[in-house]
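See below for run_19.txt, which holds compact mmCIF, C-alpha atoms.
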```txt
# COMPACT_ATOMS: atom_id res chain seq x y z
CA MET R 27 -11.69 -8.22 18.62
CA LYS R 28 -10.54 -11.71 17.86
CA ILE R 29 -9.25 -12.52 14.42
CA LYS R 30 -7.69 -15.92 13.85
CA THR R 31 -4.25 -15.62 12.27
CA GLY R 32 -5.02 -18.56 10.04
CA ASN R 33 -8.06 -16.84 8.56
CA PHE R 34 -6.73 -13.38 7.83
CA ARG R 35 -3.46 -11.71 7.16
CA ILE R 36 -2.19 -8.19 7.06
CA ARG R 37 -0.68 -6.83 3.87
CA SER R 38 1.39 -3.72 3.37
CA LYS R 39 2.86 -1.64 0.62
CA ILE R 40 5.41 1.16 0.75
CA TRP R 41 6.51 3.60 -1.89
CA ILE R 42 8.49 6.85 -2.15
CA GLU R 43 6.90 10.02 -3.53
CA ASP R 44 8.39 13.33 -4.59
CA LYS R 45 7.17 16.74 -3.41
CA ASN R 46 4.35 16.72 -5.97
CA GLY R 47 2.99 13.36 -4.87
CA LYS R 48 4.45 11.57 -7.90
CA VAL R 49 5.97 8.12 -7.42
CA LEU R 50 9.75 8.14 -7.17
CA PHE R 51 10.10 4.47 -6.37
CA GLY R 52 7.92 1.55 -5.34
CA PRO R 53 7.40 -2.21 -5.63
CA GLY R 54 6.74 -2.03 -9.39
CA ARG R 55 10.02 -0.26 -10.16
CA LEU R 56 11.83 -2.58 -7.75
CA LYS R 57 10.54 -5.55 -9.74
CA ILE R 58 11.57 -3.93 -13.03
CA LEU R 59 15.10 -3.12 -11.89
CA GLU R 60 15.59 -6.53 -10.31
CA ALA R 61 14.63 -8.06 -13.65
CA VAL R 62 17.11 -5.75 -15.47
CA VAL R 63 19.91 -6.91 -13.13
CA ARG R 64 19.01 -10.55 -13.61
CA LEU R 65 18.45 -10.47 -17.36
CA GLY R 66 20.92 -7.74 -18.35
CA SER R 67 18.65 -5.53 -20.44
CA ILE R 68 15.47 -3.46 -20.37
CA HIS R 69 14.24 -5.40 -23.38
CA ALA R 70 14.51 -8.79 -21.63
CA ALA R 71 13.02 -7.37 -18.41
CA ALA R 72 10.02 -5.94 -20.29
CA LYS R 73 9.45 -9.27 -22.02
CA GLU R 74 9.51 -11.22 -18.76
CA LEU R 75 7.18 -8.76 -17.01
CA LYS R 76 4.84 -8.76 -20.02
CA MET R 77 5.17 -4.99 -20.31
CA SER R 78 6.08 -2.89 -23.33
CA TYR R 79 9.68 -1.68 -23.65
CA ARG R 80 8.27 1.85 -23.71
CA ALA R 81 6.38 1.41 -20.41
CA VAL R 82 9.40 -0.07 -18.62
CA TRP R 83 11.77 2.52 -20.02
CA GLY R 84 9.29 5.29 -19.14
CA LYS R 85 9.15 4.26 -15.48
CA ILE R 86 12.93 4.11 -15.20
CA LYS R 87 13.22 7.49 -16.95
CA ASN R 88 10.63 9.01 -14.58
CA THR R 89 12.59 7.93 -11.54
CA GLU R 90 15.85 9.18 -13.06
CA ASP R 91 14.25 12.58 -13.78
CA ARG R 92 12.73 12.91 -10.32
CA LEU R 93 15.97 11.82 -8.68
CA GLY R 94 18.12 13.95 -10.99
CA LYS R 95 20.51 11.02 -11.34
CA PRO R 96 20.89 8.02 -13.67
CA LEU R 97 19.84 4.52 -12.60
CA LEU R 98 21.19 2.66 -15.58
CA ILE R 99 24.36 2.62 -17.60
CA ARG R 100 23.25 1.77 -21.11
CA GLN R 101 25.62 -0.22 -23.25
CA ILE R 102 24.77 0.21 -26.89
CA GLY R 103 25.66 -2.45 -29.42
CA GLY R 104 28.93 -4.39 -29.06
CA THR R 105 29.33 -8.14 -29.15
CA SER R 106 26.71 -8.56 -26.42
CA GLY R 107 24.18 -6.67 -28.52
CA GLY R 108 23.73 -3.92 -25.94
CA GLY R 109 22.24 -4.02 -22.50
CA SER R 110 21.93 -2.12 -19.25
CA GLU R 111 23.78 -2.14 -15.96
CA LEU R 112 22.70 -0.52 -12.72
CA THR R 113 24.58 2.50 -11.41
CA PRO R 114 25.96 2.19 -7.85
CA LEU R 115 23.25 4.63 -6.70
CA CYS R 116 20.59 2.40 -8.23
CA LYS R 117 22.01 -0.72 -6.57
CA ASN R 118 21.99 1.14 -3.27
CA LEU R 119 18.38 2.28 -3.79
CA LEU R 120 17.28 -1.29 -4.59
CA GLU R 121 19.01 -2.72 -1.54
CA LYS R 122 17.69 -0.08 0.83
CA PHE R 123 14.18 -0.17 -0.53
CA SER R 124 13.86 -3.94 -0.43
CA SER R 125 15.35 -4.14 3.04
CA LEU R 126 12.98 -1.38 4.23
CA GLN R 127 10.10 -3.26 2.63
CA ALA R 128 11.01 -6.52 4.38
CA HIS R 129 11.46 -4.71 7.68
CA VAL R 130 8.06 -3.02 7.37
CA GLU R 131 6.33 -6.30 6.49
CA ASN R 132 7.76 -7.87 9.62
CA GLU R 133 6.79 -4.96 11.81
CA VAL R 134 3.27 -4.91 10.38
CA ASP R 135 2.87 -8.65 11.03
CA ASN R 136 3.93 -8.18 14.64
CA LEU R 137 1.71 -5.16 15.20
CA PHE R 138 -1.25 -6.97 13.64
CA GLU R 139 -0.83 -9.95 15.93
CA GLN R 140 -0.41 -7.73 18.97
CA SER R 141 -3.46 -5.58 18.31
CA PHE R 142 -5.92 -7.93 16.62
CA ILE R 143 -5.28 -11.35 18.01
CA ASN R 144 -5.56 -10.44 21.68
CA MET K 9 22.33 7.05 -0.65
CA LYS K 10 21.31 10.53 0.39
CA ILE K 11 17.72 11.60 -0.06
CA LYS K 12 16.69 14.96 1.36
CA THR K 13 13.64 14.61 3.60
CA GLY K 14 12.22 17.79 2.13
CA ASN K 15 12.30 16.39 -1.39
CA PHE K 16 10.83 12.94 -0.91
CA ARG K 17 8.58 11.15 1.48
CA ILE K 18 7.69 7.58 2.21
CA ARG K 19 4.09 6.45 1.86
CA SER K 20 2.51 3.29 3.15
CA LYS K 21 -0.73 1.40 2.94
CA ILE K 22 -1.99 -1.53 4.98
CA TRP K 23 -4.98 -3.79 4.46
CA ILE K 24 -6.33 -7.10 5.77
CA GLU K 25 -6.96 -10.02 3.42
CA ASP K 26 -8.79 -13.30 3.91
CA LYS K 27 -7.38 -16.73 3.08
CA ASN K 28 -8.26 -16.31 -0.59
CA GLY K 29 -6.46 -13.01 -0.94
CA LYS K 30 -9.72 -11.03 -0.93
CA VAL K 31 -9.82 -7.72 0.94
CA LEU K 32 -11.41 -7.97 4.37
CA PHE K 33 -10.67 -4.42 5.41
CA GLY K 34 -8.57 -1.50 4.26
CA PRO K 35 -8.34 2.30 4.00
CA GLY K 36 -11.34 2.52 1.63
CA ARG K 37 -13.68 0.65 3.98
CA LEU K 38 -12.31 2.64 6.92
CA LYS K 39 -13.26 5.86 5.12
CA ILE K 40 -16.74 4.49 4.30
CA LEU K 41 -17.49 3.39 7.86
CA GLU K 42 -16.13 6.60 9.37
CA ALA K 43 -18.53 8.48 7.08
CA VAL K 44 -21.43 6.22 8.17
CA VAL K 45 -20.66 7.00 11.84
CA ARG K 46 -20.43 10.72 11.17
CA LEU K 47 -23.45 11.01 8.89
CA GLY K 48 -25.68 8.28 10.33
CA SER K 49 -26.53 6.40 7.14
CA ILE K 50 -25.05 4.51 4.20
CA HIS K 51 -26.98 6.79 1.86
CA ALA K 52 -25.40 9.97 3.25
CA ALA K 53 -21.95 8.34 3.35
CA ALA K 54 -22.24 7.26 -0.30
CA LYS K 55 -23.29 10.77 -1.31
CA GLU K 56 -20.35 12.39 0.48
CA LEU K 57 -17.85 9.90 -0.96
CA LYS K 58 -19.36 10.31 -4.45
CA MET K 59 -19.97 6.57 -4.64
CA SER K 60 -23.18 4.71 -5.48
CA TYR K 61 -25.25 3.35 -2.59
CA ARG K 62 -24.83 -0.07 -4.17
CA ALA K 63 -21.01 0.15 -4.23
CA VAL K 64 -20.81 1.30 -0.60
CA TRP K 65 -23.32 -1.29 0.58
CA GLY K 66 -21.49 -3.98 -1.43
CA LYS K 67 -18.17 -3.28 0.27
CA ILE K 68 -19.73 -3.38 3.73
CA LYS K 69 -21.60 -6.59 2.85
CA ASN K 70 -18.37 -8.17 1.55
CA THR K 71 -16.58 -7.50 4.81
CA GLU K 72 -19.56 -8.79 6.83
CA ASP K 73 -19.61 -12.01 4.76
CA ARG K 74 -15.86 -12.56 5.03
CA LEU K 75 -15.92 -11.84 8.76
CA GLY K 76 -19.10 -13.85 9.34
CA LYS K 77 -20.37 -11.02 11.55
CA PRO K 78 -22.45 -7.85 11.06
CA LEU K 79 -20.79 -4.41 10.97
CA LEU K 80 -23.96 -2.34 10.91
CA ILE K 81 -27.27 -2.31 12.74
CA ARG K 82 -29.75 -1.04 10.16
CA GLN K 83 -32.68 0.98 11.43
CA ILE K 84 -35.45 0.94 8.89
CA GLY K 85 -37.98 3.79 8.69
CA GLY K 86 -39.16 5.48 11.91
CA THR K 87 -39.21 9.22 12.55
CA SER K 88 -35.53 9.51 11.63
CA GLY K 89 -36.25 7.98 8.22
CA GLY K 90 -33.93 5.05 8.84
CA GLY K 91 -30.17 4.89 9.18
CA SER K 92 -27.27 2.71 10.27
CA GLU K 93 -25.28 2.32 13.45
CA LEU K 94 -22.01 0.47 13.89
CA THR K 95 -21.93 -2.76 15.87
CA PRO K 96 -19.46 -2.87 18.81
CA LEU K 97 -17.30 -5.27 16.75
CA CYS K 98 -17.22 -2.77 13.90
CA LYS K 99 -16.28 0.11 16.22
CA ASN K 100 -13.49 -2.05 17.59
CA LEU K 101 -12.27 -2.94 14.07
CA LEU K 102 -12.24 0.75 13.07
CA GLU K 103 -10.33 1.79 16.16
CA LYS K 104 -7.77 -0.98 15.89
CA PHE K 105 -7.25 -0.58 12.16
CA SER K 106 -6.81 3.18 12.28
CA SER K 107 -4.48 2.97 15.25
CA LEU K 108 -2.45 0.25 13.48
CA GLN K 109 -2.35 2.41 10.37
CA ALA K 110 -1.08 5.44 12.32
CA HIS K 111 1.49 3.30 14.11
CA VAL K 112 2.77 1.84 10.82
CA GLU K 113 3.01 5.28 9.19
CA ASN K 114 5.12 6.48 12.10
CA GLU K 115 7.36 3.42 12.00
CA VAL K 116 7.80 3.71 8.24
CA ASP K 117 8.76 7.39 8.55
CA ASN K 118 11.38 6.52 11.16
CA LEU K 119 12.77 3.59 9.20
CA PHE K 120 12.93 5.70 6.04
CA GLU K 121 14.89 8.42 7.79
CA GLN K 122 17.24 5.90 9.37
CA SER K 123 17.99 4.00 6.19
CA PHE K 124 17.81 6.63 3.46
CA ILE K 125 18.92 9.89 5.00
CA ASN K 126 22.20 8.65 6.43
```

Entire entry expressed as structure tokens:
Amino acid sequence: MKIKTGNFRIRSKIWIEDKNGKVLFGPGRLKILEAVVRLGSIHAAAKELKMSYRAVWGKIKNTEDRLGKPLLIRQIGGTSGGGSELTPLCKNLLEKFSSLQAHVENEVDNLFEQSFIN
Amino acid sequence: MKIKTGNFRIRSKIWIEDKNGKVLFGPGRLKILEAVVRLGSIHAAAKELKMSYRAVWGKIKNTEDRLGKPLLIRQIGGTSGGGSELTPLCKNLLEKFSSLQAHVENEVDNLFEQSFIN
């Protein structure tokens, strides 16, 4: 079948699940943690993403529980007024997930062109 | 980072969008049309998928409108009491989409193992 590339495009989404089919990590958590890195705290990330602190914290906590390891190092109080930093494991997870995501998007684009355009 | 394959798995989803970001085709429509092929009518497919006839018909109609081509040949009345058959274009779309989906799932599994397990 012929589909013009200009008219349609393929989209893809990847996420990681645990044994029980619960989300360990996905694009939503990637966005949250990238905002935490950039803004320095869960509070600021939640504000930017227009989510409640509780919702953002809950998602991070879920992933930590399912992974059995911390994602954030929480700094309470101090002159900076507290904030959060990513653990090395979390940085690694972010890097690998976003690179996997980019790789998959590329692959999917290529496969779509190969199978649908010809 | 080390993730045990037995503990976590990667999931993926692909879908096709039109220029306006509206869904042209995806796993839901694949499931609907596969049920129409198997059961011979939109009515029977809707019943099996626990969806309303209107919802199922609406999704098929949406894709037909966005594609500018029919997906179903509707047979009204007759001894069989009416039913629907897939157009050759629709059969082709189903085949290509499900094969692309399987291919992507495989690729994603491999990429996940390569990047996360080591």

Neighbours of chain R in chain K at 10 Å, counting only C-alpha atoms, as a ChimeraX atom specification:
/K:9-11,13-34,74-75,96-101,104-105,107-109,111-113,115-116,119-120,122-124

Give chain R as a PDB file with C-alpha atoms, keeping the file's coordinate frame once it has been least-squares superposed onto chain K over every C-alpha atom, paired in order.
```
ATOM      1  CA  MET R  27      22.375   7.057  -0.618  1.00  0.00           C
ATOM      2  CA  LYS R  28      21.353  10.534   0.354  1.00  0.00           C
ATOM      3  CA  ILE R  29      17.768  11.592  -0.074  1.00  0.00           C
ATOM      4  CA  LYS R  30      16.710  14.939   1.339  1.00  0.00           C
ATOM      5  CA  THR R  31      13.657  14.599   3.571  1.00  0.00           C
ATOM      6  CA  GLY R  32      12.241  17.774   2.114  1.00  0.00           C
ATOM      7  CA  ASN R  33      12.311  16.371  -1.410  1.00  0.00           C
ATOM      8  CA  PHE R  34      10.838  12.927  -0.916  1.00  0.00           C
ATOM      9  CA  ARG R  35       8.586  11.150   1.471  1.00  0.00           C
ATOM     10  CA  ILE R  36       7.691   7.590   2.206  1.00  0.00           C
ATOM     11  CA  ARG R  37       4.097   6.455   1.885  1.00  0.00           C
ATOM     12  CA  SER R  38       2.490   3.296   3.169  1.00  0.00           C
ATOM     13  CA  LYS R  39      -0.740   1.406   2.955  1.00  0.00           C
ATOM     14  CA  ILE R  40      -2.009  -1.530   4.986  1.00  0.00           C
ATOM     15  CA  TRP R  41      -4.985  -3.768   4.467  1.00  0.00           C
ATOM     16  CA  ILE R  42      -6.347  -7.084   5.773  1.00  0.00           C
ATOM     17  CA  GLU R  43      -6.968 -10.017   3.430  1.00  0.00           C
ATOM     18  CA  ASP R  44      -8.797 -13.290   3.921  1.00  0.00           C
ATOM     19  CA  LYS R  45      -7.370 -16.723   3.094  1.00  0.00           C
ATOM     20  CA  ASN R  46      -8.253 -16.307  -0.587  1.00  0.00           C
ATOM     21  CA  GLY R  47      -6.448 -12.995  -0.941  1.00  0.00           C
ATOM     22  CA  LYS R  48      -9.701 -11.011  -0.934  1.00  0.00           C
ATOM     23  CA  VAL R  49      -9.818  -7.711   0.947  1.00  0.00           C
ATOM     24  CA  LEU R  50     -11.418  -7.963   4.372  1.00  0.00           C
ATOM     25  CA  PHE R  51     -10.680  -4.410   5.401  1.00  0.00           C
ATOM     26  CA  GLY R  52      -8.567  -1.484   4.255  1.00  0.00           C
ATOM     27  CA  PRO R  53      -8.360   2.310   4.015  1.00  0.00           C
ATOM     28  CA  GLY R  54     -11.343   2.521   1.635  1.00  0.00           C
ATOM     29  CA  ARG R  55     -13.693   0.653   3.974  1.00  0.00           C
ATOM     30  CA  LEU R  56     -12.323   2.633   6.920  1.00  0.00           C
ATOM     31  CA  LYS R  57     -13.278   5.843   5.124  1.00  0.00           C
ATOM     32  CA  ILE R  58     -16.743   4.486   4.312  1.00  0.00           C
ATOM     33  CA  LEU R  59     -17.488   3.378   7.867  1.00  0.00           C
ATOM     34  CA  GLU R  60     -16.149   6.592   9.364  1.00  0.00           C
ATOM     35  CA  ALA R  61     -18.525   8.480   7.082  1.00  0.00           C
ATOM     36  CA  VAL R  62     -21.439   6.218   8.172  1.00  0.00           C
ATOM     37  CA  VAL R  63     -20.672   6.997  11.842  1.00  0.00           C
ATOM     38  CA  ARG R  64     -20.456  10.710  11.167  1.00  0.00           C
ATOM     39  CA  LEU R  65     -23.472  11.014   8.889  1.00  0.00           C
ATOM     40  CA  GLY R  66     -25.679   8.257  10.325  1.00  0.00           C
ATOM     41  CA  SER R  67     -26.541   6.382   7.140  1.00  0.00           C
ATOM     42  CA  ILE R  68     -25.067   4.494   4.197  1.00  0.00           C
ATOM     43  CA  HIS R  69     -27.001   6.773   1.873  1.00  0.00           C
ATOM     44  CA  ALA R  70     -25.409   9.963   3.257  1.00  0.00           C
ATOM     45  CA  ALA R  71     -21.955   8.331   3.349  1.00  0.00           C
ATOM     46  CA  ALA R  72     -22.238   7.252  -0.303  1.00  0.00           C
ATOM     47  CA  LYS R  73     -23.292  10.757  -1.312  1.00  0.00           C
ATOM     48  CA  GLU R  74     -20.358  12.385   0.471  1.00  0.00           C
ATOM     49  CA  LEU R  75     -17.845   9.904  -0.967  1.00  0.00           C
ATOM     50  CA  LYS R  76     -19.354  10.316  -4.444  1.00  0.00           C
ATOM     51  CA  MET R  77     -19.978   6.578  -4.646  1.00  0.00           C
ATOM     52  CA  SER R  78     -23.176   4.724  -5.480  1.00  0.00           C
ATOM     53  CA  TYR R  79     -25.254   3.353  -2.594  1.00  0.00           C
ATOM     54  CA  ARG R  80     -24.827  -0.073  -4.187  1.00  0.00           C
ATOM     55  CA  ALA R  81     -21.006   0.159  -4.233  1.00  0.00           C
ATOM     56  CA  VAL R  82     -20.808   1.294  -0.602  1.00  0.00           C
ATOM     57  CA  TRP R  83     -23.318  -1.279   0.565  1.00  0.00           C
ATOM     58  CA  GLY R  84     -21.511  -3.979  -1.447  1.00  0.00           C
ATOM     59  CA  LYS R  85     -18.184  -3.291   0.265  1.00  0.00           C
ATOM     60  CA  ILE R  86     -19.747  -3.377   3.720  1.00  0.00           C
ATOM     61  CA  LYS R  87     -21.608  -6.589   2.826  1.00  0.00           C
ATOM     62  CA  ASN R  88     -18.374  -8.179   1.543  1.00  0.00           C
ATOM     63  CA  THR R  89     -16.595  -7.500   4.802  1.00  0.00           C
ATOM     64  CA  GLU R  90     -19.563  -8.780   6.817  1.00  0.00           C
ATOM     65  CA  ASP R  91     -19.614 -12.003   4.756  1.00  0.00           C
ATOM     66  CA  ARG R  92     -15.874 -12.573   5.038  1.00  0.00           C
ATOM     67  CA  LEU R  93     -15.935 -11.823   8.754  1.00  0.00           C
ATOM     68  CA  GLY R  94     -19.110 -13.841   9.340  1.00  0.00           C
ATOM     69  CA  LYS R  95     -20.401 -11.028  11.539  1.00  0.00           C
ATOM     70  CA  PRO R  96     -22.454  -7.848  11.046  1.00  0.00           C
ATOM     71  CA  LEU R  97     -20.816  -4.411  10.963  1.00  0.00           C
ATOM     72  CA  LEU R  98     -23.969  -2.356  10.904  1.00  0.00           C
ATOM     73  CA  ILE R  99     -27.258  -2.302  12.723  1.00  0.00           C
ATOM     74  CA  ARG R 100     -29.748  -1.065  10.165  1.00  0.00           C
ATOM     75  CA  GLN R 101     -32.649   0.983  11.409  1.00  0.00           C
ATOM     76  CA  ILE R 102     -35.449   0.945   8.897  1.00  0.00           C
ATOM     77  CA  GLY R 103     -37.942   3.778   8.724  1.00  0.00           C
ATOM     78  CA  GLY R 104     -39.090   5.492  11.938  1.00  0.00           C
ATOM     79  CA  THR R 105     -39.150   9.206  12.596  1.00  0.00           C
ATOM     80  CA  SER R 106     -35.479   9.512  11.638  1.00  0.00           C
ATOM     81  CA  GLY R 107     -36.206   7.970   8.250  1.00  0.00           C
ATOM     82  CA  GLY R 108     -33.886   5.019   8.824  1.00  0.00           C
ATOM     83  CA  GLY R 109     -30.154   4.877   9.163  1.00  0.00           C
ATOM     84  CA  SER R 110     -27.268   2.699  10.256  1.00  0.00           C
ATOM     85  CA  GLU R 111     -25.277   2.308  13.439  1.00  0.00           C
ATOM     86  CA  LEU R 112     -22.013   0.452  13.880  1.00  0.00           C
ATOM     87  CA  THR R 113     -21.940  -2.777  15.865  1.00  0.00           C
ATOM     88  CA  PRO R 114     -19.471  -2.880  18.792  1.00  0.00           C
ATOM     89  CA  LEU R 115     -17.299  -5.264  16.738  1.00  0.00           C
ATOM     90  CA  CYS R 116     -17.234  -2.756  13.892  1.00  0.00           C
ATOM     91  CA  LYS R 117     -16.289   0.110  16.215  1.00  0.00           C
ATOM     92  CA  ASN R 118     -13.496  -2.048  17.590  1.00  0.00           C
ATOM     93  CA  LEU R 119     -12.279  -2.933  14.077  1.00  0.00           C
ATOM     94  CA  LEU R 120     -12.250   0.752  13.069  1.00  0.00           C
ATOM     95  CA  GLU R 121     -10.333   1.791  16.164  1.00  0.00           C
ATOM     96  CA  LYS R 122      -7.772  -0.984  15.887  1.00  0.00           C
ATOM     97  CA  PHE R 123      -7.270  -0.572  12.178  1.00  0.00           C
ATOM     98  CA  SER R 124      -6.817   3.184  12.298  1.00  0.00           C
ATOM     99  CA  SER R 125      -4.486   2.974  15.268  1.00  0.00           C
ATOM    100  CA  LEU R 126      -2.460   0.249  13.501  1.00  0.00           C
ATOM    101  CA  GLN R 127      -2.370   2.427  10.397  1.00  0.00           C
ATOM    102  CA  ALA R 128      -1.093   5.453  12.329  1.00  0.00           C
ATOM    103  CA  HIS R 129       1.477   3.318  14.120  1.00  0.00           C
ATOM    104  CA  VAL R 130       2.745   1.856  10.839  1.00  0.00           C
ATOM    105  CA  GLU R 131       2.990   5.294   9.214  1.00  0.00           C
ATOM    106  CA  ASN R 132       5.130   6.481  12.099  1.00  0.00           C
ATOM    107  CA  GLU R 133       7.350   3.436  12.017  1.00  0.00           C
ATOM    108  CA  VAL R 134       7.787   3.716   8.253  1.00  0.00           C
ATOM    109  CA  ASP R 135       8.758   7.394   8.562  1.00  0.00           C
ATOM    110  CA  ASN R 136      11.382   6.529  11.159  1.00  0.00           C
ATOM    111  CA  LEU R 137      12.769   3.597   9.199  1.00  0.00           C
ATOM    112  CA  PHE R 138      12.929   5.706   6.038  1.00  0.00           C
ATOM    113  CA  GLU R 139      14.898   8.430   7.771  1.00  0.00           C
ATOM    114  CA  GLN R 140      17.232   5.914   9.374  1.00  0.00           C
ATOM    115  CA  SER R 141      18.000   4.007   6.191  1.00  0.00           C
ATOM    116  CA  PHE R 142      17.835   6.638   3.455  1.00  0.00           C
ATOM    117  CA  ILE R 143      18.936   9.872   4.995  1.00  0.00           C
ATOM    118  CA  ASN R 144      22.231   8.637   6.407  1.00  0.00           C
TER     119      ASN R 144
END
```

If you measure from atom CA of R:Pro96 to atom CA of K:Asn118, what distance in Å do you get, rounded to one decimal?
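Going from atom CA of R:Pro96 over to atom CA of K:Asn118, I get 26.6 Å.
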
Which polymer residues have any atom within 9 Å of an atom of K:Leu41, counting only C-alpha atoms, with same-chain residues fewer than 3 positions away left out, as a ChimeraX atom specification?
/K:36-38,44-46,50,53,68,94,98,102

Only C-alpha atoms, please: the residues just picked out, written as a short mmCIF file (atom, residue, chain, number, x, y, z; two decimals), in the frame of the given file.
```
data_model
loop_
_atom_site.label_atom_id
_atom_site.label_comp_id
_atom_site.auth_asym_id
_atom_site.auth_seq_id
_atom_site.Cartn_x
_atom_site.Cartn_y
_atom_site.Cartn_z
CA GLY K 36 -11.34 2.52 1.63
CA ARG K 37 -13.68 0.65 3.98
CA LEU K 38 -12.31 2.64 6.92
CA VAL K 44 -21.43 6.22 8.17
CA VAL K 45 -20.66 7.00 11.84
CA ARG K 46 -20.43 10.72 11.17
CA ILE K 50 -25.05 4.51 4.20
CA ALA K 53 -21.95 8.34 3.35
CA ILE K 68 -19.73 -3.38 3.73
CA LEU K 94 -22.01 0.47 13.89
CA CYS K 98 -17.22 -2.77 13.90
CA LEU K 102 -12.24 0.75 13.07
#
```

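For the pair atom CA of K:Gln83 and atom CA of K:Gly48, the interatomic distance is 10.2 Å.
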
Rounded to one decimal place, report the atom CA of K:Leu47-atom CA of K:Ser92 distance in Å.
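Taking atom CA of K:Leu47 as the start and atom CA of K:Ser92 as the end point, the length is 9.2 Å.
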